[in-house]
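See below for the structure under consideration.
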Amino acid sequence: MWIVAVAWIYVVALMAATEPTVVDGVMTFVFYCALPLSIVFYLTGSKRRRARREAQARDNAPK
């Protein structure tokens, strides 16, 4: 998953570099790279967060 994310960041950075203005480049990078990748990583990490929360609940349970 990480190699795909790094490759996507590279591609979008090159796309942003070819934009005519800096504002267009920043907007391209944010809306094609930062926002979608943050959503994807949040969604794919939900299983890990749930498992961590359940493990913490088991550790904190009264004995």
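Ordering of the structure tokens sets the chain letters (A, B, ...), residue numbers begin anew at 1 in every chain, and ligands are numbered from 1 in the order given.
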Inset, instruction - Tell me, as a list in words, which residues lie within 12 Å of Ile9 (chain A), counting only C-alpha atoms; anything in the same chain fewer than 2 positions away does not count. - result: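 Once the adjacent positions are removed, what remains is Trp2, Ile3, Val4, Ala5, Val6, Ala7, Val11, Val12, Ala13, Leu14, Met15, Ala16, Thr28, Phe29, Val30, Phe31, Tyr32, Cys33, Ala34, Leu35, Pro36, Leu37 and Ser38 of chain A.
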Could you give me, as CSV, a per-residue list for region 13-43 of chain A showing, wherever an atom lies at most 12 Å from an atom of region 48-62 of chain A, the closest pair of atoms and their distance in Å to one decimal, using only C-alpha atoms and sorting by chain then residue number from low to high?
```
residue,atom,partner,partner_atom,distance
A:Phe41,CA,A:Arg48,CA,11.1
A:Tyr42,CA,A:Arg49,CA,9.7
A:Leu43,CA,A:Arg48,CA,10.2
```
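What separates CA of Thr21 (chain A) from CA of Val40 (chain A) is a distance of 27.9 Å.
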Inset, instruction - Name the closest residue to Thr44 (chain A) among the candidates A:Met1, A:Val22, A:Met27, A:Ala17; distances are taken between atoms, counting only C-alpha atoms. - result: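 Ranking A:Met1, A:Val22, A:Met27, A:Ala17 by distance to Thr44 (chain A), first place goes to A:Met1.
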Inset, instruction - Would you return as JSON, numbers by chain the members of chain A that DSSP assigns to alpha helix (DSSP H) on this structure's backbone? - result: {"A": [2, 3, 4, 5, 6, 7, 8, 9, 10, 11, 12, 13, 14, 15, 16, 17, 22, 23, 24, 25, 26, 27, 28, 29, 35, 36, 37, 38, 39, 40, 41, 42, 43, 44, 46, 47, 48, 49, 50, 51, 52, 53, 54, 55, 56, 57, 58, 59, 60]}
